[in-house]
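Trainee: Before I ask anything, let me first share the structure, which is written out below as structure tokens.
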Amino acid sequence: MKKITIISSTAVPLPIENIDTDQITPARFLKGTTKEGFGEILFHDWRFDHEGKPMKDFILNDPKYKGKILVAGKNFGCGSSREHAAWSLKDYGFQVVVSSFFADIFKSNALNNFLLPVTVSELFLQDLFYAIEEKSDVKIEIDLPNQHIRVPSHRMMEAFEISTYKKMCLMEGFDDIGYLLSMQKKTKTFELKRTNDYSLTGRL
Amino acid sequence: MPKTLFEKIWNEHLVAQEEGFPNVLFIDAHFIHEVTTPQAFDGLKQRGISVHSPHRTWATADHNVPTIDQHLPIKDLLSRKQVELLEKNCEDFGIELFGLGHPWQGIVHVIGPELGVTKPGMTIVCGDSHTSTHGAFGSIAFGIGTSEVEQVLASQTILQQKPKTMKIEINGKLQKGVTAKDLILYIISKISSHGGTGYFVEFAGEAIRNLSMEGRMTVCNMSIEMGARGGMIAPDETTYQYMKGREFMPKGNEWHKAVAYWKTLPTDEGAEYDRVELFDATVIEPMITYGTNPGMGVSINESIPRASDYKSDSDKNQLIKSLNYMGLKDGQKMIGQKVDYVFFGSCTNSRIEDFREAAKILKGRTKAKNITAILVPGSTQVLKQARKEGLDRVFEEAGFDLRSAGCSACLGFNEDKIPRGKYCVSTSNRNFEGRQGPGAKTMLVSPLTAAATAITGVVTDPREFI
């Protein structure tokens with residue numbers, strides 16, 4: 001995966017709360033067997049009418065707004081665990097999602113796909129929406145090494161949290177499997193020493 | 001130091017805990033289905049590695065499967081491809097599959113407990129958010145993404161930050177006609193659809209202890225709908241009674257040894273949680289949702305909140321947006337709202353007990369003319385049992401369409417979709433926009449409310465029929 005350090009881009013605002021993964025990637029489009037091509041169905045039922053024509057009032061169809069950063073209302077990515085939501089945002093071209101709150105499973109799916117979820121305060125999020133509304137091509141800078149998000153033109157800045165481990169993964173291009181496989185000796189020892197394991201009854 | 005049920009199981013499964021890294025947790029059982037695994041198996045192939053523990057991996061096909069003519073090849077080519085790919089991957093990696101045509105096939109969260117795979121004290125994951133269902137047995141069970149499915153296939157471990165713990169205690173007895181589904185919809189309406197995020201919940205209290213295992217599964221199933229990582233309930237006599245004798249349960253002396261161990265699991269006296277929420281079961285009434293997330297629910301005799309009731313703009317906007325989609329008005333009564341479809345099914349309410357309860361109301365009655373009623377069992381075994389008990393005749397005489405097992409119209413992955421603009425009273429778990437099909441309008445209820453509504457054709461308090 002492509003390493004992440006500093007991302008500077010314009011943004012797409014989506015000031016809606018509780019955007020669930022059924023909106024990001026409706027279930028009927030999850031029949032693919034690879035990770036590619038899901039960008040086409042991103043927000044499908046908000047983006048297209050039932051004849052497949054683009055809905056004029058949806059933000060992704062407004063040429064004024066584009067960029068690598070999606071700014072969305074709180075509790076983004078709730079609902080189903082489908083990783084297709086992260087694949088589809090990534091495939092569409094987003095590298096960062098900014099919100100005041102992320103659902104747990106979406107957040108780990110995003111991180112596992114090098115799509116950076118940036119959690120900001122509710123106040124900062126509102127200011128961010130105002131800034132984009134005021135000037136659609138306002139530049140937003142996400143600095144992962146220093147863990148801050150800035151809007152230089154508006155002198156806005158806020159620090160964000162990320163686990164030390166995940167930050168290292170994103171900056172170095174590592175994924176979890178490498179680490180887990182390096183732990184295999186410990187896993188083996190764990191399995192050998194294990195007591196009270198009734199999970200395999202009737203299976204072996 | 002006194003420990004919670006959650007902490008005991010978590011600690012028991014810790015493989016490694018290195019400075020600066022999340023915990024490495026051993027996974028006892030990994031359930032897999034056709035939708036969230038193709039890319040994970042692909043990953044293994046690309047890395048040239050095998051499945052670490054095929055015998056700890058349990059596979060079934062549920063999301064894509066048709067519920068009519070299940071013995072015929074799947075008509076939808078993409079669905080067929082996904083199911084066939086699961087068959088191939090299971091064969092390539094040595095995993096036993098309870099696929100289409102197998103007597104044990106069904107929704108992954110229904111068959112796990114039914115077969116006795118799900119037991120107290122286990123760690124269980126699946127690429128499906130409703131994995132929390134298995135927590136009803138006193139296990140740590142949670143949904144994961146496809147990258148994590150690949151991690152578990154590759155290593156039988158997962159990297160996890162330890163979540164915070166929350167106890168939700170529900171004291172008092174539920175009223176007659178009020179079910180586990182109403183209880184959990186009530187809690188979510190109070191805590192909100194994101195109020196549990198970051199927490200692993202333990203449900204406790206008299207109302208929980210009085211629930212059957214089916215009821216407990218319904219409660220834990222929907223803990224994800226308040227954003228919680230998972231939900232769990234301490235095992236007790238009800239748990240052991242349900243489990244004893246099932247296919248993958250220990251037998252004879254092993255059973256007694258296992259029960260002795262499981263009895264050590266419940267939370268110790270004095271153990272602390274990061275957060276505690278208390279509820280009174282006696283005030284809960286049958287619930288129904290009016291909006292587009294499971295937190296937007298009211299007692300069936302209440303009205304939809306008014307936009308003017310809310311202080312914050314964001315809550316107001318959410319209500320207006322939801323009601324606009326639902327075609328409902330703020331301040332409107334839910335009772336008497338016209339309904340077009342009634343859907344019985346999903347990993348929340350498709351177990352034999354749900355069907356028995358519904359049959360009590362439906363027996364000797366017929367559905368209203370304006371209603372299309374579909375009943376989809378959670379597993380092939382549930383269907384078999386329903387037939388054995390003669391419930392199939394009750395449903396058929398009531399004008400219900402009894403189908404074969406699968407996820408079906410809970411998410412409209414297969415051809416079972418609620419048409420655009422139609423209202424569906426559903427026993428499933430999510431009322432998101434388009435969840436049951438593009439433009440479908442979902443109202444979540446208990447099996448009893450669904451049965452009562454099917455009879456009258458409008459939203460109805462089930463207590464009228466009890």
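Labels for the structure tokens follow display order: chains A, B, ..., residues from 1 in each chain, ligands from 1.
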Hey, which bits of chain A sit within 6 Å of chain B, and for each residue what's the closest pair of atoms and how far apart in Å (one decimal), counting only C-alpha atoms, rows by chain and increasing number, as CSV?

Mentor:
```
residue,atom,partner,partner_atom,distance
A:Ala27,CA,B:Phe413,CA,5.8
A:Arg28,CA,B:Phe413,CA,5.0
A:Lys31,CA,B:Leu78,CA,5.9
A:Thr33,CA,B:Pro38,CA,5.3
A:Thr34,CA,B:Gln39,CA,5.5
A:Ser80,CA,B:Ser129,CA,5.3
A:Ser81,CA,B:Ser129,CA,4.9
A:Glu83,CA,B:Gly145,CA,5.2
A:Asn109,CA,B:Gly145,CA,5.8
A:Tyr165,CA,B:Phe21,CA,5.5
A:Ile177,CA,B:Gln151,CA,5.5
A:Thr187,CA,B:Val15,CA,5.9
A:Thr201,CA,B:Phe248,CA,5.5
A:Gly202,CA,B:Phe248,CA,5.1
```

Trainee: Residues of the last selection are to be written out with N, CA and C atoms, as a short mmCIF file (atom, residue, chain, number, x, y, z; two decimals), in the first residue's frame.

Mentor:
```
data_model
loop_
_atom_site.label_atom_id
_atom_site.label_comp_id
_atom_site.auth_asym_id
_atom_site.auth_seq_id
_atom_site.Cartn_x
_atom_site.Cartn_y
_atom_site.Cartn_z
N ALA A 27 -25.99 -2.93 -0.36
CA ALA A 27 -25.72 -4.37 -0.32
C ALA A 27 -25.75 -5.03 -1.69
N ARG A 28 -26.68 -4.61 -2.55
CA ARG A 28 -26.83 -5.35 -3.80
C ARG A 28 -25.62 -5.22 -4.73
N LYS A 31 -21.40 -7.88 -4.78
CA LYS A 31 -21.20 -9.22 -5.33
C LYS A 31 -19.85 -9.41 -6.01
N THR A 33 -15.81 -9.92 -6.43
CA THR A 33 -14.92 -10.83 -5.72
C THR A 33 -13.49 -10.30 -5.67
N THR A 34 -13.29 -9.04 -6.14
CA THR A 34 -11.99 -8.40 -5.98
C THR A 34 -12.23 -7.07 -5.25
N SER A 80 -23.21 -2.11 8.96
CA SER A 80 -22.55 -3.33 8.50
C SER A 80 -21.03 -3.23 8.49
N SER A 81 -20.37 -4.39 8.66
CA SER A 81 -18.91 -4.44 8.72
C SER A 81 -18.25 -4.44 7.34
N GLU A 83 -16.19 -4.21 4.32
CA GLU A 83 -14.97 -3.45 4.01
C GLU A 83 -15.11 -2.78 2.65
N ASN A 109 -11.40 -0.92 9.29
CA ASN A 109 -11.36 -1.25 7.86
C ASN A 109 -10.63 -0.16 7.07
N TYR A 165 0.85 2.41 16.77
CA TYR A 165 1.07 1.27 15.87
C TYR A 165 0.51 1.55 14.48
N ILE A 177 -0.91 -8.37 8.88
CA ILE A 177 -0.60 -9.80 8.72
C ILE A 177 0.88 -10.08 8.95
N THR A 187 1.98 -17.89 19.14
CA THR A 187 0.65 -18.47 18.97
C THR A 187 0.70 -19.98 19.20
N THR A 201 -14.77 -29.34 20.17
CA THR A 201 -15.48 -30.60 20.45
C THR A 201 -16.22 -31.10 19.21
N GLY A 202 -16.03 -32.37 18.91
CA GLY A 202 -16.74 -32.96 17.79
C GLY A 202 -16.18 -32.60 16.43
#
```

Trainee: Write out as a list in words the residues lying within 6 Å of segment 69-73 of chain A, counting only C-alpha atoms and excluding same-chain residues fewer than 3 positions away.

Mentor: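 Those residues are Ala11, Val12, Pro13, Leu14, Pro15, Ile16, Glu17, Phe94, Val96, Val97, Val98 and Ser99 of chain A.
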
Trainee: Residues at most 10 Å from Asp175 of chain A, counting only C-alpha atoms, excluding those fewer than 2 positions away in the same chain, as a list in words?

Mentor: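 Residues near the query, excluding close chain neighbours: Met1, Leu111, Asn112, Asn113, Phe114, Lys166, Met168, Cys169, Leu170, Glu172, Gly173, Ile177, Gly178, Tyr179 and Leu180 of chain A; Ser147 and Gln151 of chain B.
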
Trainee: What would the file look like if the residues just selected were written as an mmCIF file, in the first residue's frame with C-alpha atoms?

Mentor:
```
data_model
loop_
_atom_site.group_PDB
_atom_site.id
_atom_site.type_symbol
_atom_site.label_atom_id
_atom_site.label_comp_id
_atom_site.auth_asym_id
_atom_site.auth_seq_id
_atom_site.Cartn_x
_atom_site.Cartn_y
_atom_site.Cartn_z
ATOM 1 C CA MET A 1 0.000 0.000 0.000
ATOM 2 C CA LEU A 111 -6.924 1.983 8.434
ATOM 3 C CA ASN A 112 -6.324 -1.488 6.994
ATOM 4 C CA ASN A 113 -6.794 0.044 3.538
ATOM 5 C CA PHE A 114 -4.648 3.115 4.111
ATOM 6 C CA LYS A 166 -1.369 2.265 13.125
ATOM 7 C CA MET A 168 3.698 3.448 11.973
ATOM 8 C CA CYS A 169 1.841 1.060 9.612
ATOM 9 C CA LEU A 170 0.512 3.923 7.473
ATOM 10 C CA GLU A 172 5.924 2.660 6.627
ATOM 11 C CA GLY A 173 3.475 0.779 4.419
ATOM 12 C CA ILE A 177 -0.603 -9.797 8.716
ATOM 13 C CA GLY A 178 3.146 -9.349 8.670
ATOM 14 C CA TYR A 179 3.135 -8.658 12.403
ATOM 15 C CA LEU A 180 0.723 -11.503 13.207
ATOM 16 C CA SER B 147 -8.650 -7.561 5.933
ATOM 17 C CA GLN B 151 -5.563 -12.049 9.283
#
```

Trainee: Write out as JSON, numbers by chain all residues of segment 316-429 of chain B that DSSP puts in alpha helix (DSSP H) for this structure's backbone.

Mentor: {"B": [316, 317, 318, 319, 320, 321, 322, 323, 324, 325, 326, 352, 353, 354, 355, 356, 357, 358, 359, 360, 361, 362, 380, 381, 382, 383, 384, 385, 386, 387, 388, 391, 392, 393, 394, 395, 396, 397]}

Trainee: If you count only C-alpha atoms, which residues fall within 9 Å of Val110 of chain B, apart from same-chain ones fewer than 3 positions away, as a list in words?

Mentor: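 Returned residues: Gly106, Ile107, Pro113, Glu114, Leu115, Thr133, His134, Ser346, Cys347, Thr348, Ser350, Arg351, Gly378 and Ser379 of chain B.
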
Trainee: Store the residues picked out above, limited to N, CA and C atoms, as an mmCIF file, in the first residue's frame.

Mentor:
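The resulting file, again.cif, is shown below:
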```
data_model
loop_
_atom_site.group_PDB
_atom_site.id
_atom_site.type_symbol
_atom_site.label_atom_id
_atom_site.label_comp_id
_atom_site.auth_asym_id
_atom_site.auth_seq_id
_atom_site.Cartn_x
_atom_site.Cartn_y
_atom_site.Cartn_z
ATOM 1 N N GLY B 106 -27.643 -22.281 6.767
ATOM 2 C CA GLY B 106 -28.493 -21.238 7.334
ATOM 3 C C GLY B 106 -27.715 -19.974 7.588
ATOM 4 N N ILE B 107 -28.371 -18.987 8.189
ATOM 5 C CA ILE B 107 -27.680 -17.734 8.521
ATOM 6 C C ILE B 107 -26.598 -18.063 9.544
ATOM 7 N N PRO B 113 -25.005 -21.174 17.047
ATOM 8 C CA PRO B 113 -25.607 -21.614 18.319
ATOM 9 C C PRO B 113 -26.425 -22.902 18.159
ATOM 10 N N GLU B 114 -27.124 -23.026 17.052
ATOM 11 C CA GLU B 114 -27.996 -24.181 16.820
ATOM 12 C C GLU B 114 -27.197 -25.483 16.799
ATOM 13 N N LEU B 115 -25.994 -25.435 16.215
ATOM 14 C CA LEU B 115 -25.168 -26.638 16.121
ATOM 15 C C LEU B 115 -24.327 -26.856 17.375
ATOM 16 N N THR B 133 -24.211 -11.537 18.065
ATOM 17 C CA THR B 133 -25.248 -12.492 18.470
ATOM 18 C C THR B 133 -24.713 -13.573 19.402
ATOM 19 N N HIS B 134 -23.529 -14.105 19.068
ATOM 20 C CA HIS B 134 -22.963 -15.244 19.793
ATOM 21 C C HIS B 134 -22.585 -14.897 21.233
ATOM 22 N N SER B 346 -34.224 -12.857 9.342
ATOM 23 C CA SER B 346 -32.931 -12.252 9.685
ATOM 24 C C SER B 346 -32.320 -12.908 10.917
ATOM 25 N N CYS B 347 -31.019 -12.639 11.119
ATOM 26 C CA CYS B 347 -30.303 -13.217 12.267
ATOM 27 C C CYS B 347 -30.835 -12.676 13.584
ATOM 28 N N THR B 348 -31.702 -11.666 13.540
ATOM 29 C CA THR B 348 -32.266 -11.118 14.777
ATOM 30 C C THR B 348 -33.458 -11.946 15.268
ATOM 31 N N SER B 350 -35.331 -15.063 13.581
ATOM 32 C CA SER B 350 -35.758 -16.090 12.622
ATOM 33 C C SER B 350 -35.581 -17.477 13.213
ATOM 34 N N ARG B 351 -35.546 -17.517 14.549
ATOM 35 C CA ARG B 351 -35.339 -18.794 15.224
ATOM 36 C C ARG B 351 -36.688 -19.427 15.528
ATOM 37 N N GLY B 378 -34.278 -18.896 9.772
ATOM 38 C CA GLY B 378 -32.852 -18.615 9.875
ATOM 39 C C GLY B 378 -31.979 -19.777 9.451
ATOM 40 N N SER B 379 -32.543 -20.964 9.468
ATOM 41 C CA SER B 379 -31.738 -22.119 9.064
ATOM 42 C C SER B 379 -32.644 -23.208 8.507
#
```

Trainee: Just how far from atom CA of Tyr92 of chain A is atom CA of Ala110 of chain A, in Å to one decimal?

Mentor: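 Pair atom CA of Ala110 of chain A / atom CA of Tyr92 of chain A returns 13.7 Å.
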
Trainee: Taking into account only C-alpha atoms, which residue in the set B:Phe6, B:Phe31, B:Gly112, B:Gln17 is nearest to Gly230 of chain B?

Mentor: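 Nearest to Gly230 of chain B: B:Phe6.
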
Trainee: Where does DSSP see strand (DSSP E) in segment 153-199 of chain B, if you list the residues as a PyMOL selection string?

Mentor: chain B and resi 157-160+164-171+199

Trainee: Mind checking which residues fall within 8 Å of segment 126-131 of chain A, counting only C-alpha atoms, ignoring those fewer than 2 positions away in the same chain, and posting them as a PyMOL selection string?

Mentor: chain A and resi 13+15+71+122-124+133-136+138+154

Trainee: Can you pull out the residues contacting Asp49 of chain A? Cut-off 12 Å, using only C-alpha atoms, and skip same-chain residues under 5 positions away; I want them as a ChimeraX atom specification.

Mentor: /A:43-44,54-58,61 /B:420,438-439

Trainee: Can you spit out the residues from that selection as a PDB file, in the first residue's frame, using C-alpha atoms?

Mentor:
```pdb
ATOM      1  CA  PHE A  43     -23.041   6.427  -2.435  1.00  0.00           C
ATOM      2  CA  HIS A  44     -24.926   4.894  -5.347  1.00  0.00           C
ATOM      3  CA  PRO A  54     -26.841  11.427 -11.683  1.00  0.00           C
ATOM      4  CA  MET A  55     -28.857  13.294  -9.021  1.00  0.00           C
ATOM      5  CA  LYS A  56     -28.052  16.968  -9.528  1.00  0.00           C
ATOM      6  CA  ASP A  57     -28.265  17.954  -5.889  1.00  0.00           C
ATOM      7  CA  PHE A  58     -25.862  15.320  -4.568  1.00  0.00           C
ATOM      8  CA  ASN A  61     -22.213  15.291  -8.795  1.00  0.00           C
TER       9      ASN A  61
ATOM     10  CA  ARG B 420     -39.628   1.109  -3.906  1.00  0.00           C
ATOM     11  CA  PRO B 438     -33.881   0.702  -3.096  1.00  0.00           C
ATOM     12  CA  GLY B 439     -36.573   3.064  -1.792  1.00  0.00           C
TER      13      GLY B 439
END
```

Trainee: Skip segment 144-146 of chain A itself and residues of its chain fewer than 6 positions away, then list as a PyMOL selection string all residues within 8 Å of it, counting only C-alpha atoms.

Mentor: chain A and resi 4-6+167+171

Trainee: Please produce a file of those selected residues containing N, CA and C atoms, as a CSV table (one decimal), in the first residue's frame.

Mentor:
```csv
chain,number,residue,atom,x,y,z
A,4,ILE,N,1.5,6.9,3.7
A,4,ILE,CA,0.9,8.2,3.9
A,4,ILE,C,1.8,9.1,4.8
A,5,THR,N,2.0,10.3,4.4
A,5,THR,CA,2.7,11.3,5.3
A,5,THR,C,1.8,12.5,5.4
A,6,ILE,N,2.0,13.4,4.4
A,6,ILE,CA,1.2,14.6,4.4
A,6,ILE,C,0.3,14.6,3.2
A,167,LYS,N,-0.2,4.4,13.1
A,167,LYS,CA,0.5,5.5,12.5
A,167,LYS,C,1.8,4.9,11.8
A,171,MET,N,2.7,5.0,7.8
A,171,MET,CA,3.8,5.7,7.3
A,171,MET,C,4.9,4.8,6.7
```
